[in-house]
Every structure is written in structure tokens, then in C-alpha cells.
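Colleague: Below you'll find work18.txt; it's compact mmCIF, C-alpha atoms.
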```txt
# COMPACT_ATOMS: atom_id res chain seq x y z
CA MET A 215 91.37 94.78 115.24
CA VAL A 216 90.50 98.25 113.87
CA GLU A 217 89.70 99.55 117.34
CA HIS A 218 92.93 98.08 118.69
CA LEU A 219 95.09 99.63 115.96
CA HIS A 220 93.23 102.94 115.74
CA PRO A 221 95.33 104.78 118.39
CA LEU A 222 98.54 103.79 116.60
CA VAL A 223 97.26 104.89 113.20
CA ILE A 224 95.69 108.14 114.42
CA ARG A 225 98.96 109.15 116.09
CA ILE A 226 100.84 108.70 112.82
CA VAL A 227 98.17 110.51 110.85
CA ARG A 228 98.08 113.45 113.27
CA SER A 229 101.85 113.78 113.09
CA HIS A 230 101.95 113.83 109.33
CA LEU A 231 98.50 115.09 108.36
CA PRO A 232 98.56 117.19 105.22
CA ARG A 233 96.53 120.37 105.07
CA ARG A 234 92.88 120.16 103.93
CA VAL A 235 92.72 116.43 104.57
CA ALA A 236 90.30 115.14 107.20
CA GLU A 237 92.11 112.84 109.58
CA GLU A 238 89.22 110.37 109.74
CA ASP A 239 89.20 110.00 105.95
CA LEU A 240 92.92 109.31 105.95
CA VAL A 241 92.64 106.78 108.79
CA GLN A 242 89.84 105.05 106.90
CA GLU A 243 91.97 104.90 103.76
CA ILE A 244 94.83 103.35 105.75
CA PHE A 245 92.60 100.65 107.22
CA LEU A 246 91.10 99.87 103.81
CA LYS A 247 94.62 99.45 102.43
CA MET A 248 95.42 97.20 105.37
CA PHE A 249 92.43 94.95 104.62
CA THR A 250 93.08 94.77 100.89
CA ARG A 251 96.78 93.94 101.42
CA LEU A 252 96.32 91.40 104.20
CA GLU A 253 97.48 88.60 101.88
CA GLN A 254 100.81 90.40 101.46
CA TYR A 255 101.58 90.28 105.17
CA GLN A 256 104.39 87.75 105.56
CA GLY A 257 104.75 87.91 109.34
CA ALA A 258 108.37 89.05 109.09
CA VAL A 259 107.61 92.08 111.29
CA PRO A 260 104.97 92.52 114.00
CA PHE A 261 101.54 93.34 112.58
CA PRO A 262 101.33 96.85 114.15
CA HIS A 263 104.69 97.65 112.57
CA TRP A 264 103.38 96.55 109.18
CA VAL A 265 100.28 98.74 109.63
CA SER A 266 102.49 101.67 110.68
CA ARG A 267 104.36 101.36 107.44
CA ILE A 268 101.12 101.50 105.45
CA ALA A 269 100.11 104.57 107.47
CA VAL A 270 103.40 106.37 106.87
CA THR A 271 103.48 105.65 103.13
CA THR A 272 99.83 106.72 102.79
CA CYS A 273 100.66 110.02 104.53
CA ILE A 274 103.62 110.55 102.19
CA ASP A 275 101.36 109.90 99.19
CA GLN A 276 98.88 112.47 100.50
CA LEU A 277 101.65 115.01 101.05
CA ARG A 278 102.91 114.40 97.52
CA ALA A 279 99.40 114.95 96.19
CA GLN A 280 99.56 118.51 97.53
CA LYS A 281 101.46 119.93 94.63
CA ARG A 282 101.63 123.49 95.94
CA ARG A 283 103.25 124.27 99.24
CA PRO A 284 102.11 127.42 101.07
CA GLU A 285 104.46 130.36 101.00
CA PHE A 286 106.01 131.25 104.33
CA ARG A 287 105.64 134.93 105.21
CA TRP A 288 106.37 136.85 108.38
CA ALA A 289 103.09 138.71 107.92
CA ASP A 290 101.09 135.50 108.20
CA LEU A 291 102.53 134.57 111.57
CA SER A 292 100.68 135.19 114.81
CA GLU A 293 102.26 137.41 117.45
CA ASN A 294 103.43 134.41 119.48
CA GLU A 295 104.83 132.68 116.40
CA SER A 296 106.76 135.84 115.49
CA ASP A 297 108.17 135.99 119.02
CA VAL A 298 109.25 132.35 118.80
CA LEU A 299 110.86 132.85 115.41
CA ASP A 300 112.62 135.95 116.66
CA ALA A 301 113.94 134.06 119.68
CA VAL A 302 115.29 131.12 117.68
CA LEU A 303 116.83 133.35 115.04
CA THR A 304 118.60 135.77 117.39
CA ASN A 305 119.76 132.97 119.70
CA GLU A 306 119.64 135.48 122.55
CA ASP A 307 116.36 134.75 124.29
CA GLU A 308 114.98 131.38 125.30
CA VAL A 309 111.59 130.51 123.85
CA ALA A 310 109.05 131.15 126.59
CA PRO A 311 107.35 127.97 127.89
CA ASP A 312 103.97 129.55 127.16
CA ASP A 313 104.94 129.77 123.52
CA ALA A 314 105.41 126.00 123.13
CA LEU A 315 102.18 125.64 121.17
CA ALA A 316 103.14 128.56 118.95
CA ALA A 317 106.53 126.93 118.44
CA ARG A 318 104.84 123.75 117.31
CA GLU A 319 102.60 125.65 114.89
CA LEU A 320 105.58 127.53 113.53
CA LEU A 321 107.54 124.33 113.17
CA HIS A 322 104.78 122.75 111.09
CA LYS A 323 104.62 125.82 108.87
CA LEU A 324 108.35 125.49 108.28
CA LEU A 325 108.02 121.78 107.60
CA ASP A 326 105.43 122.61 104.94
CA GLN A 327 108.23 124.28 103.00
CA LEU A 328 110.05 120.98 102.55
CA LYS A 329 109.43 118.26 100.00
CA PRO A 330 107.14 115.53 101.38
CA ASP A 331 109.89 112.92 101.65
CA ASP A 332 112.32 115.33 103.33
CA ARG A 333 109.61 116.56 105.64
CA MET A 334 108.78 113.01 106.68
CA VAL A 335 112.40 112.20 107.47
CA ILE A 336 112.95 115.36 109.53
CA GLN A 337 109.71 114.88 111.39
CA LEU A 338 110.50 111.28 112.30
CA LEU A 339 114.13 112.02 113.11
CA ASP A 340 113.95 115.31 115.00
CA LEU A 341 110.43 115.49 116.36
CA GLU A 342 109.67 111.86 117.08
CA GLU A 343 113.34 111.04 117.78
CA ARG A 344 113.28 107.82 115.79
CA SER A 345 116.50 106.12 114.75
CA ILE A 346 117.64 105.83 111.14
CA ALA A 347 116.89 102.10 111.25
CA GLU A 348 113.35 102.73 112.48
CA ILE A 349 112.71 105.31 109.77
CA SER A 350 114.09 102.93 107.19
CA GLY A 351 111.70 100.26 108.41
CA LEU A 352 108.73 102.60 108.46
CA THR A 353 109.24 104.15 105.05
CA GLY A 354 110.86 101.30 103.16
CA TRP A 355 113.77 103.55 102.17
CA SER A 356 117.36 102.42 102.64
CA GLN A 357 119.29 103.82 105.59
CA SER A 358 121.61 105.70 103.22
CA LEU A 359 118.65 107.34 101.54
CA VAL A 360 117.22 108.38 104.91
CA LYS A 361 120.56 109.98 105.84
CA VAL A 362 120.79 111.77 102.50
CA ARG A 363 117.24 113.10 102.84
CA ALA A 364 117.89 114.25 106.41
CA PHE A 365 121.04 116.05 105.33
CA ARG A 366 119.29 117.69 102.40
CA ALA A 367 116.31 118.77 104.51
CA ARG A 368 118.50 120.26 107.24
CA ARG A 369 120.53 122.13 104.68
CA LYS A 370 117.35 123.55 103.21
CA LEU A 371 116.13 124.57 106.66
CA GLN A 372 119.46 126.24 107.35
CA LYS A 373 119.16 128.19 104.11
CA PHE A 374 115.60 129.10 104.97
CA PHE A 375 116.55 130.41 108.39
CA GLN A 376 119.35 132.47 106.86
CA GLU A 377 116.89 134.03 104.42
CA LEU A 378 114.49 134.78 107.27
CA LYS A 379 117.26 136.42 109.23
CA ILE A 380 118.13 138.64 106.29
CA LYS A 381 114.47 139.58 105.87
CA GLU A 382 114.22 140.34 109.57
CA HIS A 383 117.09 142.84 109.36
CA GLU A 384 115.61 144.57 106.34
CA MET B 151 121.36 102.70 117.71
CA ASN B 152 122.64 104.40 114.61
CA ARG B 153 121.29 107.84 115.39
CA PRO B 154 123.27 110.41 113.42
CA GLU B 155 125.54 112.88 115.11
CA PRO B 156 123.82 116.10 116.15
CA HIS B 157 123.86 118.34 113.16
CA HIS B 158 124.54 122.05 113.36
CA PRO B 159 123.37 123.51 110.10
CA SER B 160 123.92 127.03 111.30
CA GLY B 161 127.60 126.47 110.81
CA ARG B 162 128.54 128.37 113.93
CA PRO B 163 130.55 126.18 116.23
CA GLY B 164 130.23 127.14 119.85
CA GLY B 165 127.40 129.56 119.06
CA GLY B 166 124.68 127.44 120.66
CA PRO B 167 122.27 125.11 118.91
CA PRO B 168 121.08 126.13 115.47
CA PRO B 169 117.65 127.78 115.09
CA TRP B 170 116.02 124.56 113.94
CA GLN B 171 117.16 122.62 117.00
CA ARG B 172 116.03 125.44 119.28
CA LEU B 173 112.64 125.48 117.62
CA VAL B 174 112.30 121.70 117.91
CA ALA B 175 113.24 121.82 121.58
CA ALA B 176 110.62 124.51 122.19
CA ALA B 177 107.93 122.65 120.22
CA ARG B 178 108.54 119.47 122.21
CA ARG B 179 107.40 121.28 125.34
CA ALA B 180 103.91 121.69 123.84
CA PRO B 181 101.28 119.54 125.57
CA VAL B 182 100.15 116.46 123.66
CA GLY B 183 96.51 115.60 123.02
CA ALA B 184 94.55 113.50 125.47
CA PRO B 185 94.86 109.73 124.87
CA ALA B 186 91.06 109.42 124.89
CA ASP B 187 91.01 111.27 121.57
CA GLU B 188 92.81 108.35 120.00
CA ALA B 189 89.94 105.91 120.36
CA ALA B 190 88.07 105.00 117.19
CA PRO B 191 84.76 106.87 116.77
CA TYR B 192 81.58 104.91 117.35
CA GLY B 193 80.83 102.66 114.36
CA PHE B 194 84.13 103.39 112.65
CA ALA B 195 85.38 99.79 112.78
CA THR B 196 82.09 98.47 111.36
CA ARG B 197 82.14 101.01 108.55
CA VAL B 198 85.72 100.21 107.62
CA ALA B 199 85.08 96.46 107.67
CA ALA B 200 81.95 96.88 105.52
CA LEU B 201 83.83 99.02 103.01
CA ALA B 202 86.70 96.52 102.92
CA PHE B 203 84.33 93.64 102.18
CA ALA B 204 82.50 95.71 99.58
CA VAL B 205 85.68 96.23 97.62
CA GLU B 206 85.61 94.00 94.59
CA ALA B 207 87.45 90.78 95.28
CA PRO B 208 90.53 90.29 93.13
CA LEU B 209 90.50 87.73 90.35
CA PRO B 210 91.20 84.17 91.43
CA ALA B 211 94.84 83.22 91.50
CA LEU B 212 94.31 80.91 88.55
CA PHE B 213 93.70 83.93 86.33
CA SER B 214 96.33 86.15 87.79
CA ARG B 215 98.65 87.66 85.23
CA ARG B 216 101.80 86.10 86.64
CA LEU B 217 100.33 82.58 86.69
CA TRP B 218 98.86 83.03 83.24
CA LEU B 219 102.26 83.96 81.78
CA ARG B 220 103.91 81.04 83.54
CA ALA B 221 101.31 78.66 82.12
CA LEU B 222 101.88 80.06 78.63
CA GLY B 223 105.64 79.59 78.97
CA ALA B 224 105.28 76.04 80.24
CA SER B 225 102.91 75.06 77.45
CA CYS B 226 105.29 76.50 74.82
CA LEU B 227 108.16 74.48 76.29
CA ILE B 228 106.10 71.29 76.27
CA ALA B 229 105.08 71.90 72.65
CA LEU B 230 108.70 72.46 71.58
CA ALA B 231 109.87 69.38 73.47
CA ALA B 232 107.17 67.29 71.81
CA VAL B 233 108.21 68.46 68.35
CA ALA B 234 111.90 67.85 69.09
CA LEU B 235 111.28 64.34 70.38
CA ASN B 236 109.09 63.35 67.46
CA PHE B 237 110.98 65.22 64.76
CA SER B 238 112.57 62.12 63.18
CA ALA B 239 109.27 60.27 63.20
CA ILE B 240 107.50 63.19 61.55
CA THR B 241 110.11 63.62 58.80
CA THR B 242 110.11 59.86 58.11
CA ALA B 243 106.34 59.81 57.86
CA LEU B 244 106.32 62.78 55.49
CA ALA B 245 108.97 61.18 53.29
CA ASP B 246 107.10 57.87 53.21
CA GLU B 247 103.83 59.57 52.38
CA SER B 248 105.16 60.95 49.10
CA THR B 249 106.53 57.59 47.89
CA ALA B 250 104.13 55.12 49.45
CA PRO B 251 101.65 53.41 47.10
CA VAL B 252 97.95 53.90 47.59
CA PRO B 253 96.72 51.17 49.89
CA THR B 254 94.59 48.72 47.98
CA ASP B 255 92.58 47.49 50.89
CA ASP B 256 91.01 50.93 51.44
CA PRO B 257 87.85 51.21 49.28
CA VAL B 258 87.65 55.00 49.63
CA ALA B 259 91.26 55.40 48.46
CA GLU B 260 90.54 53.14 45.47
CA VAL B 261 87.51 55.22 44.46
CA VAL B 262 89.49 58.46 44.82
CA ASP B 263 92.37 56.94 42.87
CA LEU B 264 90.01 55.85 40.05
CA ALA B 265 88.48 59.29 39.93
CA CYS B 266 91.91 60.89 39.62
CA ASN B 267 92.86 58.57 36.80
```
Translate the structure described by the file into C-alpha cells.

Modeller:
Amino acid sequence: MVEHLHPLVIRIVRSHLPRRVAEEDLVQEIFLKMFTRLEQYQGAVPFPHWVSRIAVTTCIDQLRAQKRRPEFRWADLSENESDVLDAVLTNEDEVAPDDALAARELLHKLLDQLKPDDRMVIQLLDLEERSIAEISGLTGWSQSLVKVRAFRARRKLQKFFQELKIKEHE
Amino acid sequence: MNRPEPHHPSGRPGGGPPPWQRLVAAARRAPVGAPADEAAPYGFATRVAALAFAVEAPLPALFSRRLWLRALGASCLIALAAVALNFSAITTALADESTAPVPTDDPVAEVVDLACN
């Protein structure tokens, strides 16, 4: 069972892995939770879906445990990441296909600026292209709450980009 | 599905997608990891199963807190019902006890009665 579910769990963990946490440790914690909560499984949803929910909530707990979020600074960005950020801010140049990996790195650095719950919603909604209903099922939050968190997170990102743009012109 | 309308937090209608959406679109083009990386490491399943079995088993259901409280409540109800049903009998017995003469066919009662007198 563990070997069968491992790919599913590792994909979730890799998408939402907090900094300084070994992915294998987190996967192990998720499977231990799965075993200890087996009696709670009612069969209302498919078993992999139930395990996914445990994985997502465990990742959120780990993100919450990281009390300090790293500060985002232009100076800390690599050359490619700076180019990507410049391109998305100016809206003049397309991001070069070679910079896709840099874009992903940059995106995760920006996501680190959000609160864990907001980050999770944005990641599931925008990156993994899940529906509100799916996110609600995965996190256990109501659909209204998911929408509110998505709105709040996007507003914060908008504000963040505006600040970056001002800093860029300085 | 109930996917929300595309959001444009930049607040610039007609000015192209906002920076966040552009960044997301660019990041999606990044290659994903090989599926082989998703397999469980050798011995991982055994280790997890061993750790799961090593975790202390929870108390039997009989001693679970919820059941214990329910049992306490039920026993209190039974006790109250018993008192209510037998209330008249108890009060009658108590009233009779104070007025009833000492039974003469009980030798112990006679000895005690003599001692008191």
C-alpha cells in the first residue's frame, strides 16, 4: 500500500515542501498519520483522496511551523531570476523559455512571502489548476473560505509586485 | 466546474495579464521531474509499517473518554430513576421505623433494648 501511494504523496510533498524539511521525513510522517488514523476512514471518498488530504494538511502544518518567512530581496536573486522578474514586471518582454526553471524558483520565493494557508490555496489554484471544489475537498476548508483566501493572496501578490516595481525604478 | 473567473490583480484592463499570471505561465513551462523519482526508496515501506506498529496502541474503546462519560451519565440516570420509583416506599419505611415497636421475637433486639433500659 505504501509503495502504491508513495508517488501520490511525494508529488504533494514536493509541491508544498517547506524549506529545511527533508521530503522523506515528511512523507514518512504522512504515512504514519495514515496508519494511525485508519480507523477514521469512513469510505466516503476514495482512499487515495483521503491520503491526499492528510498529505496536504500535514504540509500546511509544516509551513505554519516555519514562523519566519524569508525576506524577498532583489540582491538575492540569480541573474536569470532577475531577468524573469524584470520581464513580468515590465510586461514588455516575454519570459524566455530557457528561463522557465528560474521562473519556477522565483515563483516559489514569492510564494514564501504568503501565509501558509494563502500559499497553499494559490499553489493549488494557479499552479496545479485545481478547482475550488477540489481544493475544498483536499484541505477541508469550505469553498467560500478557499475563495476568500485566494482573493486575499492575490491581492497581497499584487501589492508585492507594485512594491517591487517601485524598488526597480529607484 | 466552479473555477473562479480569471483575476487581474494588476488592475489594468487591456494591459495584458498581470505579473503573477505571466510568472505562473512561465513557470509552468519548466520541465517536471522524472516519474522514476517518485518510487518509494528501498525499505521505506517496511520502515514505515514497523514504525506504525511500534506506535503505542490506543486505549481500548471501553476506556475511551467518550464512552466513559456516557456510562457515567447512564448510571446517574438509572440511580435517579431508582430513587424516584422507590421514593414512597422509602419514606413509608422511614416513618414506620420511628414508630414501630421493637420486635419481640428478635433476641438481639431484646438484649439491646434491655441494655438501653

Colleague: Taking all atoms listed in the file into account, what are the residues of chain A at most 8 Å from chain B, put as an NGL selection string?

Modeller: :A and (216-217 or 220-221 or 224-225 or 242 or 245-246 or 249-250 or 298-299 or 302-303 or 305 or 309 or 311 or 313-318 or 321 or 340-341 or 345-347 or 368-369 or 371-372 or 375)

Colleague: Go through A:Pro262, A:Gly257, A:Pro330, A:Gly354 one by one, measure the shortest atom-to-atom distance of each to Leu231 of chain A using all atoms listed in the file, and give the residue with the smallest value.

Modeller: A:Pro330

Colleague: Need to verify the contact set: Asp275 of chain A, 12 Å, all atoms listed in the file, exclusion of same-chain residues closer than 3 positions in sequence. Can you return it as a VMD selection string?

Modeller: chain A and resid 230 to 232 240 243 to 244 268 to 272 278 to 281 329 to 331 334 353

Colleague: By how many Å are atom CA of Gln337 of chain A and atom CA of Ile226 of chain A apart?

Modeller: 10.9 Å

Colleague: How many Å separate atom CA of Lys247 of chain A from atom CA of Gln327 of chain A?

Modeller: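 Pair atom CA of Lys247 of chain A / atom CA of Gln327 of chain A returns 28.3 Å.
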
Colleague: Rounded to one decimal, what separation in Å do you get between atom CA of Gln256 of chain A and atom CA of Leu352 of chain A?

Modeller: 15.7 Å

Colleague: Name the residues in contact with Ile349 of chain A at a cut-off of 8 Å, using only C-alpha atoms, excluding same-chain residues fewer than 4 positions from it; report them as a count of residues only.

Modeller: 10

Colleague: Point out the residue among A:Leu252, A:Val265, A:Cys273, A:Ile380 with the least atom-to-atom distance to Glu237 of chain A, counting all atoms listed in the file.

Modeller: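 Distance minimum relative to Glu237 of chain A lands on A:Cys273.
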
Colleague: Adding 3 Å on each side of the box along x, y and z that holds all listed atoms of segment 296-305 of chain A, could you give its centre and edge lengths in Å to one decimal, as AutoDock Vina command-line options?

Modeller:
```
--center_x 113.3 --center_y 133.6 --center_z 117.4 --size_x 19.0 --size_y 10.9 --size_z 10.7
```
